[in-house]
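Undergrad: The structure is given below, and queries will be raised subsequently.
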Amino acid sequence: MEAKVVIYFILLALMSWRVEMTPISMNEDLKVSGNSFNDIEDLFFISEKEEESFEKDALNSAVIEKVKARILNRLNLKEPPKSHPPIPALQSFNEKNNSWSNAANSSTNSNVKSEFLKSEIVPNTCFHQNGPHCLRFQIQIPRHILNVNSSSAELWLYKKEGVTEYTITHIIDDPRHISLQKQFFSVVNQTKSAGWTRLDVTTLISKIRANVLDLEVFSNSGDVPLEFGNDENPLLVVISKSIEENSRSKRHAAADCEVESSSCCRKVLFVSFKDIGWDDWIVQPEGYNANACKGSCDNRLDLTDRHHTHVLLRLISKSGHKYPDVNDSVHCSPKAYSPLSIIYTDNKGLKVITNLTDMSVTECACS
């Protein structure tokens with residue numbers, strides 16, 4: 001009788017898998033490059049044995065070590081860069097005289113989310129009288145950023161050699177006024193060396209009316225003060241509190257873990273680059289939510305993300321858990337991921353990577 005149950009169980013599972021599986025391969029579905037699905041699943045999965053053998057802090061450390069290894073792998077690095085140019089300091093904004101004067105902003109943020117917004121160069125359209133010697137660029141600002149009052153923003157500009165001061169014009173298209181409004185800002189006391197400059201432009205973001213940051217940059221030297229093109233175009237980094245998207249699908253997705261959670265859930269885990277000693281080469285973000293999946297899938301038919309897993313759990317439940325080997329094959333595993341954008345420095349200078357795929361777990365399920 002028991003042999004018949006096993007055969008029936010196997011045939012039914014295989015038939016349901018054949019009917020329900022999509023023609024897309026697992027790697028294509030997850031858009032994974034350089035790592036197999038199992039590698040990524042193991043990275044963000046905390047087994048019951050791991051949870052029992054580690055204290056809470058040690059368990060977090062074990063997951064963080066896996067995350068560190070994955071970041072290095074995705075950046076094609078064997079270890080963190082040992083030699084690299086100094087990271088440019090964020091320059092604070094002086095509201096009294098509308099300027100940045102190379103004074104460092106010492107504020108730090110924890111548990112934050114960074115978004116990188118690229119600029120679009122708009123050639124030969126400067127309103128300033130030195131049109132040919134002026135650079136105009138625009139950055140589209142998503143509406144969800146404008147709706148967050150706690151957001152801060154950094155403008156990254158690649159300054160030319162020898163330029164110590166220049167002017168930024170903020171062009172404001174305000175529907176309350178017939179003509180375009182212009183506000184002038186000064187950037188002074190800069191070093192003569194070429195390289196990236198980071199300006200705190202939170203004040204400018206608060207004045208945007210048409211979902212676009214429209215800026216002109218010029219100097220009295222008669223030449224455009226900035227380098228641009230390829231990897232040197234202006235960049236806006238928007239920093240806000242790390243709050244998960246409300247649009248996260250709830251169907252067949254496990255909830256976030258609570259103190260006494262035993263069933264499949266998503267463990268929110270923030271990785272601070274400062275705490276792990278990587279803030280000397282990773283510029284942005286200061287950290288991110290890597291997260292992980294943990295807990296039991298026993299009797300959690302509501303959390304199965306595939307039909308064949310649903311059938312397996314039903315048969316295991318009805319059999320009175322007589323098949324522990326099969327039961328152990330069903331895990332609380334990542335169902336969906338989100339990418340990570342990063343700015344880091346190595347011996348060749350600063351690099352901006354806007355899409356390190358599958359770096360943060362957004363949903364967990366039984367599979």
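So you can find residues: chains in the structure tokens are A, B, ... in the order shown, residues in each start at 1, and ligands are numbered from 1 in order.
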Quick one: everything within 7 Å of stretch 285-293 of chain A, counting only C-alpha atoms, minus sequence neighbours fewer than 2 positions away in the same chain. Send it as a PyMOL selection string.

TA: chain A and resi 44-46+111-114+265-274+283+332-334+342+359-361+364

Undergrad: Please dump the current selection as a short mmCIF file (atom, residue, chain, number, x, y, z; two decimals), in the first residue's frame; keep C-alpha atoms.

TA:
data_model
loop_
_atom_site.label_atom_id
_atom_site.label_comp_id
_atom_site.auth_asym_id
_atom_site.auth_seq_id
_atom_site.Cartn_x
_atom_site.Cartn_y
_atom_site.Cartn_z
CA PHE A 44 19.30 34.28 0.33
CA PHE A 45 18.03 31.14 2.09
CA ILE A 46 18.47 30.47 5.82
CA ASN A 111 18.89 52.31 6.35
CA VAL A 112 18.52 54.38 3.20
CA LYS A 113 17.69 53.74 -0.43
CA SER A 114 19.64 55.39 -3.26
CA CYS A 265 8.79 34.65 5.91
CA ARG A 266 11.13 37.32 4.60
CA LYS A 267 13.84 38.39 7.05
CA VAL A 268 14.61 42.08 6.51
CA LEU A 269 18.39 42.44 6.72
CA PHE A 270 20.12 45.79 6.19
CA VAL A 271 23.76 45.64 5.11
CA SER A 272 25.70 48.77 6.12
CA PHE A 273 28.85 49.25 4.03
CA LYS A 274 30.34 51.31 6.85
CA VAL A 283 30.52 55.63 -2.37
CA CYS A 332 11.15 28.89 1.93
CA SER A 333 13.00 30.43 -0.99
CA PRO A 334 13.29 33.77 -2.81
CA ILE A 342 26.22 51.25 -6.87
CA MET A 359 20.76 41.64 -5.08
CA SER A 360 17.77 42.13 -2.78
CA VAL A 361 14.99 39.68 -1.94
CA CYS A 364 9.65 34.73 -0.44
#

Undergrad: Name all residues at most 9 Å from A:Lys82 (count only C-alpha atoms; drop same-chain ones fewer than 2 positions away) and give them as a ChimeraX atom specification.

TA: /A:79-80,84,281,346-347

Undergrad: Identify all residues of stretch 178-275 of chain A in strand (DSSP E) (DSSP on the backbone) and supply them as an MDAnalysis selection string.

TA: chainID A and resid 181:187 195:200 212:218 235:241 265:267 270:272

Undergrad: Rank A:Glu65, A:Pro81, A:Ile71, A:Arg143 by their smallest atom-to-atom distance to A:Pro339, using only C-alpha atoms, and report the top residue only.

TA: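 The shortest atom-to-atom distance to A:Pro339 comes from A:Ile71.
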
Undergrad: Just list the residues in stretch 63-93 of chain A DSSP gives alpha helix (DSSP H) on the backbone, as an NGL selection string.

TA: :A and (63-74)

Undergrad: Calculated over only C-alpha atoms, which of the candidates A:Val163, A:Val188, A:Cys126, A:Leu75 has the smallest distance to A:Asn98?

TA: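 Using only C-alpha atoms, A:Asn98 sits closest to A:Val188.
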
Undergrad: Nearest to A:Ile145 among A:Ser221, A:Leu204, A:Val238, A:Val187, with distances taken over only C-alpha atoms: which residue is it?

TA: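 Nearest to A:Ile145: A:Val238.
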
Undergrad: Need the shell around A:Gly195: protein/DNA/RNA residues with any atom at most 12 Å away, counting only C-alpha atoms. Skip same-chain ones fewer than 3 positions apart. Format as a list in words?

TA: Pro85, Pro86, Ile87, Pro88, Ala89, Trp156, Leu157, Tyr158, Lys159, Lys160, Glu161, Gly162, Val163, Thr164, Gln190, Thr191, Lys192, Arg198, Pro225, Leu226, Glu227, Phe228, Asp231, Glu232, Asn233, Pro234, Gly349 and Leu350 of chain A

Undergrad: Measuring between only C-alpha atoms, which one of A:Ile276, A:Ile208, A:Ile139, A:Leu155 shows the shortest distance to A:Phe93?

TA: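 For A:Phe93, the nearest of the given residues is A:Leu155.
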